[in-house]
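Dumped upload-v3.txt below, it's compact mmCIF, C-alpha atoms and all ligand atoms:
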# COMPACT_ATOMS: atom_id res chain seq x y z
CA MET K 1 23.25 21.13 -54.85
CA ASP K 2 21.93 20.17 -58.29
CA SER K 3 19.43 22.94 -58.76
CA LEU K 4 19.46 26.57 -57.71
CA THR K 5 16.55 29.01 -57.83
CA ILE K 6 17.49 32.67 -57.48
CA PRO K 7 15.88 36.04 -58.29
CA ILE K 8 16.32 36.86 -61.96
CA ALA K 9 19.63 38.69 -62.44
CA ASP K 10 20.44 42.36 -62.95
CA ASP K 11 23.25 43.07 -65.40
CA PHE K 12 24.61 46.52 -64.57
CA HIS K 13 26.78 46.84 -67.71
CA LEU K 14 25.68 45.53 -71.09
CA HIS K 15 26.37 46.44 -74.74
CA LEU K 16 23.38 45.85 -77.00
CA ARG K 17 24.58 47.68 -80.15
CA GLN K 18 22.33 48.88 -82.99
CA ASP K 19 20.73 47.65 -86.19
CA ALA K 20 21.36 44.04 -87.24
CA MET K 21 23.62 43.25 -84.26
CA MET K 22 21.00 44.58 -81.82
CA HIS K 23 18.41 42.31 -83.42
CA VAL K 24 20.60 39.29 -82.70
CA VAL K 25 21.71 40.14 -79.15
CA ALA K 26 18.75 41.93 -77.48
CA PRO K 27 16.44 38.88 -77.66
CA LEU K 28 19.15 36.77 -75.95
CA VAL K 29 19.37 38.84 -72.74
CA ARG K 30 16.58 37.05 -70.91
CA ALA K 31 17.89 33.65 -72.04
CA GLY K 32 21.06 34.46 -70.11
CA GLY K 33 19.05 34.82 -66.92
CA VAL K 34 18.83 38.63 -66.87
CA GLY K 35 15.59 40.55 -66.36
CA ARG K 36 16.98 44.07 -65.97
CA CYS K 37 20.08 45.61 -67.48
CA VAL K 38 22.00 48.85 -67.76
CA VAL K 39 22.55 49.59 -71.45
CA MET K 40 25.83 51.14 -72.55
CA PRO K 41 25.71 54.29 -74.73
CA ASN K 42 28.81 53.71 -76.90
CA THR K 43 26.82 53.35 -80.08
CA THR K 44 27.63 55.22 -83.30
CA PRO K 45 26.82 58.04 -82.80
CA PRO K 46 26.80 57.83 -78.99
CA ILE K 47 23.60 58.11 -76.93
CA ALA K 48 23.96 61.78 -76.00
CA THR K 49 20.52 63.01 -74.89
CA ALA K 50 17.48 61.77 -73.00
CA GLU K 51 15.67 61.73 -76.33
CA ASP K 52 18.31 59.39 -77.83
CA ALA K 53 18.06 57.15 -74.78
CA ILE K 54 14.26 56.91 -74.89
CA ARG K 55 14.33 56.11 -78.60
CA TYR K 56 16.99 53.44 -78.06
CA ARG K 57 15.02 51.95 -75.17
CA GLY K 58 11.92 51.73 -77.37
CA ALA K 59 13.85 49.77 -80.01
CA LEU K 60 15.21 47.39 -77.38
CA GLU K 61 11.81 46.88 -75.72
CA ALA K 62 10.33 45.95 -79.08
CA LEU K 63 12.94 43.18 -79.40
CA ALA K 64 12.86 42.01 -75.75
CA PRO K 65 9.61 43.01 -74.06
CA ASP K 66 10.41 40.81 -71.05
CA VAL K 67 13.54 42.82 -70.09
CA GLU K 68 13.73 46.16 -68.28
CA PHE K 69 16.31 48.44 -69.88
CA LEU K 70 17.98 51.11 -67.75
CA MET K 71 19.47 53.71 -70.03
CA THR K 72 22.68 55.73 -69.87
CA LEU K 73 24.06 58.82 -71.58
CA TYR K 74 27.61 59.12 -72.89
CA LEU K 75 29.54 61.80 -70.99
CA LEU K 76 30.28 64.40 -73.68
CA PRO K 77 31.31 68.07 -73.46
CA GLU K 78 27.80 68.99 -74.69
CA LEU K 79 26.14 67.49 -71.60
CA THR K 80 24.74 70.28 -69.40
CA PRO K 81 23.28 70.30 -65.86
CA GLN K 82 19.92 71.13 -67.47
CA ALA K 83 20.18 68.07 -69.72
CA VAL K 84 20.98 65.97 -66.63
CA SER K 85 17.75 67.16 -64.98
CA THR K 86 15.77 66.40 -68.13
CA ALA K 87 17.33 62.94 -68.30
CA ALA K 88 16.50 62.28 -64.65
CA ALA K 89 12.89 63.35 -65.23
CA GLN K 90 12.71 60.92 -68.17
CA GLY K 91 13.96 58.01 -66.08
CA VAL K 92 17.52 57.81 -67.43
CA PHE K 93 19.61 55.74 -65.02
CA GLY K 94 23.08 57.21 -65.33
CA VAL K 95 25.94 58.68 -67.30
CA LYS K 96 28.82 56.64 -68.66
CA CYS K 97 32.30 58.03 -68.83
CA TYR K 98 34.97 56.62 -71.15
CA PRO K 99 38.40 58.20 -70.94
CA LYS K 100 39.31 59.11 -74.49
CA GLY K 101 40.64 56.33 -76.66
CA VAL K 102 40.79 53.51 -74.10
CA THR K 103 38.28 51.14 -75.72
CA THR K 104 35.72 50.50 -78.49
CA ASN K 105 33.95 53.71 -79.63
CA SER K 106 35.64 55.93 -77.03
CA GLU K 107 37.05 58.45 -79.50
CA SER K 108 34.68 61.07 -78.07
CA GLY K 109 35.64 60.19 -74.50
CA THR K 110 36.61 62.37 -71.57
CA GLU K 111 39.99 64.12 -71.43
CA ASP K 112 39.58 66.13 -68.26
CA PHE K 113 37.28 65.23 -65.38
CA GLY K 114 37.64 68.72 -63.89
CA ALA K 115 35.60 70.11 -66.80
CA TYR K 116 32.47 68.28 -65.63
CA ASP K 117 31.99 69.58 -62.10
CA ALA K 118 28.65 71.23 -62.85
CA VAL K 119 27.37 68.07 -64.55
CA PHE K 120 28.52 65.85 -61.66
CA SER K 121 26.84 68.21 -59.15
CA ALA K 122 23.60 67.96 -61.09
CA MET K 123 23.89 64.17 -61.21
CA GLU K 124 24.52 64.07 -57.48
CA ALA K 125 21.42 66.21 -56.87
CA GLU K 126 19.24 64.24 -59.31
CA GLY K 127 20.40 60.79 -58.19
CA LEU K 128 21.95 59.70 -61.50
CA ALA K 129 24.79 57.20 -61.28
CA LEU K 130 28.23 57.89 -62.77
CA LEU K 131 29.56 54.74 -64.43
CA ILE K 132 33.26 54.89 -65.14
CA HIS K 133 35.50 52.94 -67.47
CA GLY K 134 38.45 53.28 -65.14
CA GLU K 135 41.55 53.28 -67.32
CA VAL K 136 43.94 56.03 -68.29
CA PRO K 137 45.08 56.11 -71.92
CA SER K 138 48.33 54.30 -72.72
CA ASN K 139 51.29 56.66 -72.72
CA ALA K 140 54.85 55.48 -73.29
CA GLU K 141 56.41 58.55 -71.64
CA LYS K 142 54.46 57.88 -68.46
CA ASP K 143 55.06 54.11 -68.67
CA VAL K 144 51.33 53.45 -68.99
CA CYS K 145 50.10 50.41 -70.90
CA VAL K 146 47.06 48.11 -70.66
CA LEU K 147 48.52 46.31 -67.65
CA ASN K 148 48.71 49.35 -65.34
CA ALA K 149 46.06 51.59 -66.96
CA GLU K 150 43.43 50.70 -64.34
CA ALA K 151 45.70 51.10 -61.33
CA ARG K 152 46.84 54.49 -62.66
CA PHE K 153 43.21 55.62 -62.84
CA LEU K 154 42.45 54.97 -59.15
CA PRO K 155 43.70 58.34 -57.82
CA GLU K 156 41.20 59.99 -60.19
CA LEU K 157 38.40 57.90 -58.66
CA GLU K 158 39.48 58.86 -55.15
CA LYS K 159 39.50 62.53 -56.09
CA LEU K 160 36.06 62.36 -57.71
CA HIS K 161 34.54 60.62 -54.71
CA GLY K 162 36.16 63.20 -52.42
CA ARG K 163 34.63 66.06 -54.40
CA PHE K 164 31.20 64.42 -54.87
CA PRO K 165 30.72 62.16 -51.85
CA LYS K 166 27.00 61.66 -52.44
CA LEU K 167 27.32 60.88 -56.16
CA ARG K 168 26.83 57.15 -56.81
CA ILE K 169 29.96 56.10 -58.69
CA VAL K 170 30.56 52.66 -60.16
CA LEU K 171 34.05 51.63 -61.19
CA GLU K 172 33.14 49.30 -64.02
CA HIS K 173 34.58 45.85 -64.81
CA VAL K 174 37.35 45.89 -62.19
CA THR K 175 40.33 43.72 -63.07
CA THR K 176 42.98 44.37 -60.41
CA ALA K 177 43.62 43.71 -56.72
CA LYS K 178 44.44 47.42 -56.42
CA ALA K 179 41.01 48.43 -57.73
CA VAL K 180 39.30 46.00 -55.35
CA ASP K 181 41.20 47.45 -52.39
CA CYS K 182 40.52 51.02 -53.51
CA VAL K 183 36.75 50.55 -53.92
CA LYS K 184 36.52 48.71 -50.60
CA ALA K 185 38.30 51.59 -48.87
CA LEU K 186 36.04 54.30 -50.34
CA GLY K 187 32.64 55.27 -48.97
CA SER K 188 29.22 53.68 -49.33
CA THR K 189 28.45 55.58 -52.56
CA VAL K 190 31.25 53.87 -54.52
CA ALA K 191 30.81 50.37 -55.95
CA ALA K 192 32.37 48.15 -58.62
CA THR K 193 30.99 45.82 -61.24
CA VAL K 194 32.69 42.51 -62.00
CA THR K 195 32.30 40.57 -65.26
CA ALA K 196 31.91 36.82 -65.64
CA HIS K 197 35.01 36.54 -67.81
CA HIS K 198 37.34 38.48 -65.51
CA LEU K 199 36.64 35.85 -62.83
CA ASP K 200 38.22 33.29 -65.18
CA LEU K 201 40.89 34.94 -67.30
CA THR K 202 44.44 36.19 -66.91
CA VAL K 203 46.89 37.69 -69.41
CA ASP K 204 47.84 34.26 -70.75
CA ASP K 205 44.25 33.66 -71.81
CA TRP K 206 43.99 36.67 -74.12
CA ALA K 207 47.55 37.11 -75.41
CA GLY K 208 47.22 35.53 -78.87
CA ARG K 209 43.59 34.55 -78.31
CA ASN K 210 41.46 37.37 -79.64
CA HIS K 211 38.11 36.03 -78.45
CA ASN K 212 39.23 36.59 -74.85
CA PHE K 213 40.57 40.07 -75.56
CA CYS K 214 38.55 42.87 -73.96
CA LYS K 215 39.17 46.19 -72.22
CA PRO K 216 40.23 46.39 -69.53
CA VAL K 217 42.38 43.34 -70.27
CA ALA K 218 42.45 40.50 -67.76
CA LYS K 219 45.52 40.92 -65.54
CA TYR K 220 47.74 38.75 -63.29
CA PRO K 221 46.66 35.59 -61.46
CA HIS K 222 46.84 37.50 -58.15
CA ASP K 223 44.44 40.09 -59.58
CA ARG K 224 41.99 37.42 -60.66
CA ASP K 225 42.30 35.92 -57.18
CA ALA K 226 41.32 39.26 -55.64
CA LEU K 227 38.18 39.39 -57.81
CA ARG K 228 37.31 35.81 -56.89
CA GLN K 229 37.91 36.58 -53.24
CA VAL K 230 35.70 39.66 -53.16
CA VAL K 231 32.73 37.90 -54.80
CA CYS K 232 33.16 34.78 -52.65
CA GLU K 233 33.22 36.85 -49.48
CA GLY K 234 30.04 38.57 -50.65
CA HIS K 235 31.05 42.21 -50.46
CA PRO K 236 27.83 44.24 -51.05
CA ARG K 237 29.53 46.90 -53.20
CA PHE K 238 30.77 44.37 -55.79
CA PHE K 239 28.11 43.08 -58.17
CA LEU K 240 27.46 41.83 -61.69
CA GLY K 241 28.08 43.96 -64.76
CA SER K 242 28.78 41.53 -67.58
CA ASP K 243 30.29 43.98 -70.07
CA SER K 244 29.03 41.53 -72.67
CA ALA K 245 30.34 43.24 -75.81
CA PRO K 246 29.58 41.46 -79.10
CA HIS K 247 31.60 42.01 -82.26
CA PRO K 248 31.26 40.21 -85.61
CA ARG K 249 33.60 37.26 -85.99
CA SER K 250 35.59 39.04 -88.69
CA ALA K 251 36.30 41.95 -86.30
CA LYS K 252 37.55 39.57 -83.60
CA GLU K 253 39.48 37.16 -85.83
CA SER K 254 41.53 39.95 -87.30
CA ALA K 255 45.14 41.13 -87.11
CA CYS K 256 43.79 44.08 -85.12
CA GLY K 257 41.00 42.47 -83.16
CA CYS K 258 38.24 44.47 -81.46
CA ALA K 259 38.03 44.42 -77.66
CA GLY K 260 34.98 42.72 -76.18
CA VAL K 261 33.79 39.32 -74.92
CA PHE K 262 30.22 38.14 -75.63
CA THR K 263 28.67 36.48 -72.57
CA SER K 264 25.05 37.65 -72.47
CA PRO K 265 23.13 34.58 -73.77
CA LEU K 266 24.75 32.21 -71.23
CA LEU K 267 25.60 34.70 -68.53
CA LEU K 268 24.13 32.88 -65.54
CA PRO K 269 25.39 29.43 -66.60
CA TYR K 270 28.94 30.88 -66.94
CA LEU K 271 28.66 32.40 -63.48
CA ALA K 272 27.13 29.31 -61.86
CA ASP K 273 29.96 27.30 -63.39
CA THR K 274 32.58 29.64 -61.92
CA PHE K 275 30.97 30.07 -58.49
CA ASP K 276 30.55 26.29 -58.27
CA ARG K 277 34.24 25.71 -59.06
CA LEU K 278 35.15 28.34 -56.45
CA GLY K 279 32.90 26.65 -53.88
CA CYS K 280 30.74 29.74 -53.30
CA LEU K 281 27.48 29.01 -55.13
CA ASP K 282 25.67 30.28 -52.05
CA ARG K 283 27.00 33.77 -52.93
CA LEU K 284 25.74 33.78 -56.51
CA ALA K 285 22.29 35.30 -55.88
CA ASP K 286 23.67 38.23 -53.91
CA PHE K 287 26.20 38.97 -56.65
CA THR K 288 23.72 38.72 -59.54
CA SER K 289 20.44 39.84 -58.03
CA THR K 290 20.68 41.57 -54.63
CA PHE K 291 23.74 43.76 -54.09
CA GLY K 292 23.47 45.85 -57.26
CA CYS K 293 19.83 46.84 -56.90
CA ALA K 294 20.39 47.58 -53.19
CA PHE K 295 23.32 49.89 -54.04
CA HIS K 296 21.29 51.74 -56.68
CA GLY K 297 18.08 51.85 -54.65
CA LEU K 298 16.12 49.75 -57.15
CA PRO K 299 13.41 47.30 -56.07
CA PRO K 300 14.60 43.69 -56.10
CA SER K 301 13.21 41.55 -58.93
CA ALA K 302 10.21 39.40 -58.11
CA ASP K 303 10.80 36.84 -60.90
CA THR K 304 13.07 33.88 -60.32
CA ILE K 305 15.20 31.65 -62.51
CA THR K 306 16.28 28.09 -61.92
CA LEU K 307 19.75 26.85 -62.79
CA GLU K 308 20.52 23.16 -63.01
CA ARG K 309 23.75 21.23 -62.74
CA ARG K 310 23.62 19.65 -66.17
CA ALA K 311 26.27 19.76 -68.88
CA GLN K 312 25.69 22.45 -71.49
CA PRO K 313 27.86 22.90 -74.57
CA VAL K 314 28.50 26.52 -75.52
CA PRO K 315 27.41 27.08 -79.15
CA ALA K 316 30.10 27.83 -81.74
CA ALA K 317 28.28 31.05 -82.68
CA TYR K 318 25.12 33.11 -82.37
CA GLY K 319 24.66 34.37 -85.90
CA ASP K 320 28.01 35.94 -86.70
CA ILE K 321 29.11 36.33 -83.06
CA VAL K 322 31.39 33.88 -81.29
CA PRO K 323 30.45 33.61 -77.61
CA TYR K 324 32.80 33.32 -74.66
CA ARG K 325 34.10 29.76 -74.18
CA ALA K 326 32.66 28.67 -77.56
CA GLY K 327 32.76 24.89 -77.96
CA GLN K 328 33.47 24.26 -74.27
CA THR K 329 31.06 22.54 -71.89
CA LEU K 330 29.58 24.35 -68.88
CA LEU K 331 28.63 22.50 -65.70
CA TRP K 332 25.38 24.43 -65.34
CA GLN K 333 22.45 25.35 -67.55
CA ARG K 334 19.16 27.12 -67.22
C1 LIG F 1 33.39 47.34 -75.11
C2 LIG F 1 32.71 47.40 -76.48
O1 LIG F 1 33.05 46.60 -77.35
O2 LIG F 1 31.82 48.23 -76.66
N1 LIG F 1 34.56 46.54 -75.22
C3 LIG F 1 35.20 45.93 -74.21
O3 LIG F 1 36.25 45.34 -74.45
N2 LIG F 1 34.72 45.90 -73.00
C4 LIG F 1 33.64 48.72 -74.63
C5 LIG F 1 33.98 48.76 -73.17
O4 LIG F 1 33.13 48.60 -72.32
O5 LIG F 1 35.15 48.98 -72.85
ZN ZN F 2 31.60 47.85 -71.60
Would you give me this structure, written as structure tokens?
Amino acid sequence: MDSLTIPIADDFHLHLRQDAMMHVVAPLVRAGGVGRCVVMPNTTPPIATAEDAIRYRGALEALAPDVEFLMTLYLLPELTPQAVSTAAAQGVFGVKCYPKGVTTNSESGTEDFGAYDAVFSAMEAEGLALLIHGEVPSNAEKDVCVLNAEARFLPELEKLHGRFPKLRIVLEHVTTAKAVDCVKALGSTVAATVTAHHLDLTVDDWAGRNHNFCKPVAKYPHDRDALRQVVCEGHPRFFLGSDSAPHPRSAKESACGCAGVFTSPLLLPYLADTFDRLGCLDRLADFTSTFGCAFHGLPPSADTITLERRAQPVPAAYGDIVPYRAGQTLLWQR
């Protein structure tokens, strides 16, 4: 197979930032093969209300009129059931929950899920999705660090699903075999997103190499194998959420580097490259363009994109942002 035409992709987890950075990255979304994306709300200040989300969407549409932006609110103590209804009426897609302090701009994150029952009930009733960064904060007394933070979160996910069985919940950017097993075992309203980079990386790839450092961190080879396995088998509740998360070079190449890997402008070539090496290119379209919209009840995209098996060097930088696999050559391009 030297050419592959698939429906244009949906990216169910994307960071598009603000101001100058937004001007660089928003126009690159479509180039990466994505026609519709879920925009993360961890801006400064966070996207807290439907009004914030609509304003942000307007700014993004002005920069990338050929992309559909699905907006999210940041789960904050101020969020009320009434505000959830307003957001639903305005077409907001979902609410994103960051446990406090686990990643970039999560200082205002959640400390206690129990405090949000009324909000989750309203979301369940209104059909808003709950998108969860599934890590517990590191805690030396409880022996929690970045390597087991996701696994330690899974009981919380099980409890939430038990209490709100009709709420669509997405465990974002899964990185462990345990998370894959957990999501598989839960009901039809629970799904997971998988990034392009977590299909490639393990601990050895980010320890000492800041450009591959992101949250949650890539884990053991057997964890990566579980992610590869679940996308190659074509499980319908595992689909693309790139978590493309740009940071300026100086913030990555620093003694205290920011978490985040920038994949958006070459997202489909990265994935075609990986799926080809795994021998499951026939599963790519379901992963990027079918399973996610089916889970969320969105219409499938009518547009297509064509990928070709032709060498493509990854640029050293886009403006001030170093992309994933910079300087390497991909097997596929679009
Ligand atoms: C994200 C960012 O930079 O906004 N970073 C990351 O490593 N993934 C935040 C997030 O999604 O965790
Ligand atoms: Zn993210």
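Residue nearest K:Phe213, chosen from K:Pro246, K:Gly279, K:Pro46, K:Pro77 and counting only C-alpha atoms: K:Pro246.
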Q) Within 6 Å of ligand LIG 1 (chain F), counting all atoms listed in the file: which residues, as a PyMOL selection string? A) chain K and resi 103-104+214-215+243+245+259-260
**Q.** Using only C-alpha atoms: which of K:Asp66, K:Val203, K:Gln18, K:Pro27 has the shortest distance to K:Ile47
**A.** K:Gln18
Using only C-alpha atoms and all ligand atoms, what does the table of chain K residues within 12 Å of ligand ZN 2 (chain F) look like, with each row giving the shortest atom pair and its distance in Å to one decimal, sorted by chain and ascending number, as a Markdown table?
| residue | atom | partner | partner_atom | distance |
| --- | --- | --- | --- | --- |
| K:Asp11 | CA | F:ZN2 | ZN | 11.4 |
| K:Phe12 | CA | F:ZN2 | ZN | 10.0 |
| K:His13 | CA | F:ZN2 | ZN | 6.3 |
| K:Leu14 | CA | F:ZN2 | ZN | 6.4 |
| K:His15 | CA | F:ZN2 | ZN | 6.3 |
| K:Leu16 | CA | F:ZN2 | ZN | 10.0 |
| K:Arg17 | CA | F:ZN2 | ZN | 11.1 |
| K:Val38 | CA | F:ZN2 | ZN | 10.4 |
| K:Val39 | CA | F:ZN2 | ZN | 9.2 |
| K:Met40 | CA | F:ZN2 | ZN | 6.7 |
| K:Pro41 | CA | F:ZN2 | ZN | 9.3 |
| K:Asn42 | CA | F:ZN2 | ZN | 8.4 |
| K:Thr43 | CA | F:ZN2 | ZN | 11.2 |
| K:Lys96 | CA | F:ZN2 | ZN | 9.7 |
| K:Cys97 | CA | F:ZN2 | ZN | 10.6 |
| K:Tyr98 | CA | F:ZN2 | ZN | 9.4 |
| K:Val102 | CA | F:ZN2 | ZN | 11.1 |
| K:Thr103 | CA | F:ZN2 | ZN | 8.5 |
| K:Thr104 | CA | F:ZN2 | ZN | 8.5 |
| K:Asn105 | CA | F:ZN2 | ZN | 10.2 |
| K:Ser106 | CA | F:ZN2 | ZN | 10.5 |
| K:Leu131 | CA | F:ZN2 | ZN | 10.2 |
| K:Ile132 | CA | F:ZN2 | ZN | 9.7 |
| K:His133 | CA | F:ZN2 | ZN | 7.6 |
| K:Gly134 | CA | F:ZN2 | ZN | 10.9 |
| K:Leu171 | CA | F:ZN2 | ZN | 11.3 |
| K:Glu172 | CA | F:ZN2 | ZN | 7.9 |
| K:His173 | CA | F:ZN2 | ZN | 7.7 |
| K:Val174 | CA | F:ZN2 | ZN | 11.2 |
| K:Thr193 | CA | F:ZN2 | ZN | 10.6 |
| K:Val194 | CA | F:ZN2 | ZN | 11.0 |
| K:Thr195 | CA | F:ZN2 | ZN | 9.7 |
| K:Cys214 | CA | F:ZN2 | ZN | 8.9 |
| K:Lys215 | CA | F:ZN2 | ZN | 7.8 |
| K:Pro216 | CA | F:ZN2 | ZN | 9.0 |
| K:Val217 | CA | F:ZN2 | ZN | 11.8 |
| K:Gly241 | CA | F:ZN2 | ZN | 8.6 |
| K:Ser242 | CA | F:ZN2 | ZN | 8.0 |
| K:Asp243 | CA | F:ZN2 | ZN | 4.4 |
| K:Ser244 | CA | F:ZN2 | ZN | 6.9 |
| K:Ala245 | CA | F:ZN2 | ZN | 6.4 |
| K:Pro246 | CA | F:ZN2 | ZN | 10.1 |
| K:Ala259 | CA | F:ZN2 | ZN | 9.5 |
| K:Gly260 | CA | F:ZN2 | ZN | 7.7 |
| K:Val261 | CA | F:ZN2 | ZN | 9.4 |
| K:Phe262 | CA | F:ZN2 | ZN | 10.6 |
| K:Thr263 | CA | F:ZN2 | ZN | 11.8 |
Let me know the centre plus edge lengths, in Å and rounded to one decimal, of a box with edges along x, y and z that contains all listed atoms of stretch 321-330 of chain K and is padded by 6 Å on every side, as AutoDock Vina command-line options.
--center_x 31.6 --center_y 29.4 --center_z -76.0 --size_x 17.0 --size_y 25.8 --size_z 26.2
Q) Could you list as an MDAnalysis selection string every residue that has an atom within 9 Å of (22.1, 64.8, -61.2), using the file's coordinates and counting all atoms listed in the file? A) chainID K and resid 81 84:85 87:88 94 119:129 167
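In this comparison, which uses only C-alpha atoms, the residue of K:Gly35, K:Gly114, K:Pro45, K:Gly101 approaching K:Phe69 most closely is K:Gly35.
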Q) Just how far from atom CA of K:Pro7 is atom CA of K:Gly33, in Å to one decimal? A)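 Atom CA of K:Pro7 lies 9.3 Å from atom CA of K:Gly33.
For the pair atom CA of K:Ala218 and atom CA of K:Trp206, the interatomic distance is 7.6 Å.
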Q: For each of K:Glu156, K:Asp273, K:Glu111, K:Glu68, take the minimum atom-to-atom distance to K:Ile8, counting all atoms listed in the file, then give the residue where this is smallest.
A: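 Among the listed residues, K:Glu68 lies closest to K:Ile8.
You can rank K:His247, K:His211, K:Arg325, K:Lys184 by their closest distance to K:Ala226 using all atoms listed in the file, and at the top of that list sits K:Lys184.
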Q.
Counting only C-alpha atoms, which residue out of K:Tyr220, K:Tyr74, K:Phe291, K:Trp332 sits closest to K:Val146?
A. K:Tyr220
(Q) Tell me which residues come within 10 Å of (23.8, 35.9, -53.1), as a list in words, counting all atoms listed in the file in the file's coordinates. (A)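 Using all atoms listed in the file, the matching residues come out as Ile6, Pro7, Val231, Cys232, Gly234, His235, Pro236, Phe239, Cys280, Leu281, Asp282, Arg283, Leu284, Ala285, Asp286, Phe287, Thr288, Ser289, Thr290 and Phe291 of chain K.
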(Q) Please report the interatomic distance between atom CA of K:Pro313 and atom CA of K:Thr329 in Å with one decimal. (A)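 Between these atoms lies a distance of 4.2 Å.
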**Q.** Exercise: stretch 57-65 of chain K partners within 9 Å, all atoms listed in the file, chain neighbours under 6 positions left out, as a list in words
**A.**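 Listing them by chain and then by number gives Leu16, Met22, His23, Ala26, Pro27, Leu28, Val29, Arg30, Val39 and Met71 of chain K.
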Q: Give me the residues within 12 Å of stretch 151-154 of chain K as a PyMOL selection string, counting all atoms listed in the file and dropping any in the same chain fewer than 6 places off.
A: chain K and resi 98-99+102+113+132-139+142-145+160-161+171-172+174-183+185-186+216+219+223
Take stretch 329-334 of chain K, bring it up to all heavy atoms, and give me the output as a PDB file, keeping the file's coordinate frame.
ATOM      1  N   THR K 329      32.256  23.028 -72.568  1.00  0.00           N
ATOM      2  CA  THR K 329      31.060  22.540 -71.890  1.00  0.00           C
ATOM      3  C   THR K 329      30.967  23.174 -70.509  1.00  0.00           C
ATOM      4  O   THR K 329      31.927  23.140 -69.736  1.00  0.00           O
ATOM      5  CB  THR K 329      31.097  21.006 -71.769  1.00  0.00           C
ATOM      6  OG1 THR K 329      31.160  20.474 -73.095  1.00  0.00           O
ATOM      7  CG2 THR K 329      29.843  20.465 -71.080  1.00  0.00           C
ATOM      8  N   LEU K 330      29.813  23.763 -70.206  1.00  0.00           N
ATOM      9  CA  LEU K 330      29.580  24.350 -68.880  1.00  0.00           C
ATOM     10  C   LEU K 330      28.939  23.298 -67.972  1.00  0.00           C
ATOM     11  O   LEU K 330      28.227  22.416 -68.434  1.00  0.00           O
ATOM     12  CB  LEU K 330      28.643  25.557 -68.989  1.00  0.00           C
ATOM     13  CG  LEU K 330      29.081  26.658 -69.968  1.00  0.00           C
ATOM     14  CD1 LEU K 330      28.069  27.797 -69.971  1.00  0.00           C
ATOM     15  CD2 LEU K 330      30.465  27.171 -69.615  1.00  0.00           C
ATOM     16  N   LEU K 331      29.191  23.449 -66.673  1.00  0.00           N
ATOM     17  CA  LEU K 331      28.630  22.500 -65.700  1.00  0.00           C
ATOM     18  C   LEU K 331      27.154  22.772 -65.432  1.00  0.00           C
ATOM     19  O   LEU K 331      26.444  21.912 -64.939  1.00  0.00           O
ATOM     20  CB  LEU K 331      29.352  22.647 -64.342  1.00  0.00           C
ATOM     21  CG  LEU K 331      30.834  22.406 -64.285  1.00  0.00           C
ATOM     22  CD1 LEU K 331      31.357  22.705 -62.873  1.00  0.00           C
ATOM     23  CD2 LEU K 331      31.120  20.959 -64.653  1.00  0.00           C
ATOM     24  N   TRP K 332      26.738  24.009 -65.723  1.00  0.00           N
ATOM     25  CA  TRP K 332      25.380  24.430 -65.340  1.00  0.00           C
ATOM     26  C   TRP K 332      24.609  24.915 -66.564  1.00  0.00           C
ATOM     27  O   TRP K 332      25.187  25.447 -67.503  1.00  0.00           O
ATOM     28  CB  TRP K 332      25.428  25.551 -64.297  1.00  0.00           C
ATOM     29  CG  TRP K 332      25.813  25.063 -62.941  1.00  0.00           C
ATOM     30  CD1 TRP K 332      27.076  24.742 -62.523  1.00  0.00           C
ATOM     31  CD2 TRP K 332      24.937  24.806 -61.831  1.00  0.00           C
ATOM     32  NE1 TRP K 332      27.029  24.304 -61.229  1.00  0.00           N
ATOM     33  CE2 TRP K 332      25.732  24.343 -60.766  1.00  0.00           C
ATOM     34  CE3 TRP K 332      23.561  24.936 -61.625  1.00  0.00           C
ATOM     35  CZ2 TRP K 332      25.197  23.987 -59.520  1.00  0.00           C
ATOM     36  CZ3 TRP K 332      23.010  24.604 -60.390  1.00  0.00           C
ATOM     37  CH2 TRP K 332      23.830  24.129 -59.360  1.00  0.00           C
ATOM     38  N   GLN K 333      23.307  24.761 -66.517  1.00  0.00           N
ATOM     39  CA  GLN K 333      22.450  25.350 -67.550  1.00  0.00           C
ATOM     40  C   GLN K 333      21.183  25.891 -66.933  1.00  0.00           C
ATOM     41  O   GLN K 333      20.872  25.648 -65.773  1.00  0.00           O
ATOM     42  CB  GLN K 333      22.130  24.330 -68.635  1.00  0.00           C
ATOM     43  CG  GLN K 333      21.376  23.108 -68.200  1.00  0.00           C
ATOM     44  CD  GLN K 333      20.947  22.277 -69.417  1.00  0.00           C
ATOM     45  OE1 GLN K 333      19.804  22.322 -69.836  1.00  0.00           O
ATOM     46  NE2 GLN K 333      21.887  21.517 -69.981  1.00  0.00           N
ATOM     47  N   ARG K 334      20.458  26.659 -67.713  1.00  0.00           N
ATOM     48  CA  ARG K 334      19.160  27.120 -67.220  1.00  0.00           C
ATOM     49  C   ARG K 334      18.110  26.887 -68.292  1.00  0.00           C
ATOM     50  O   ARG K 334      18.436  26.696 -69.446  1.00  0.00           O
ATOM     51  CB  ARG K 334      19.194  28.599 -66.831  1.00  0.00           C
ATOM     52  CG  ARG K 334      19.232  29.598 -67.968  1.00  0.00           C
ATOM     53  CD  ARG K 334      18.912  30.984 -67.479  1.00  0.00           C
ATOM     54  NE  ARG K 334      17.512  31.059 -67.084  1.00  0.00           N
ATOM     55  CZ  ARG K 334      16.543  31.571 -67.833  1.00  0.00           C
ATOM     56  NH1 ARG K 334      16.841  32.072 -68.997  1.00  0.00           N
ATOM     57  NH2 ARG K 334      15.283  31.603 -67.432  1.00  0.00           N
TER      58      ARG K 334
END
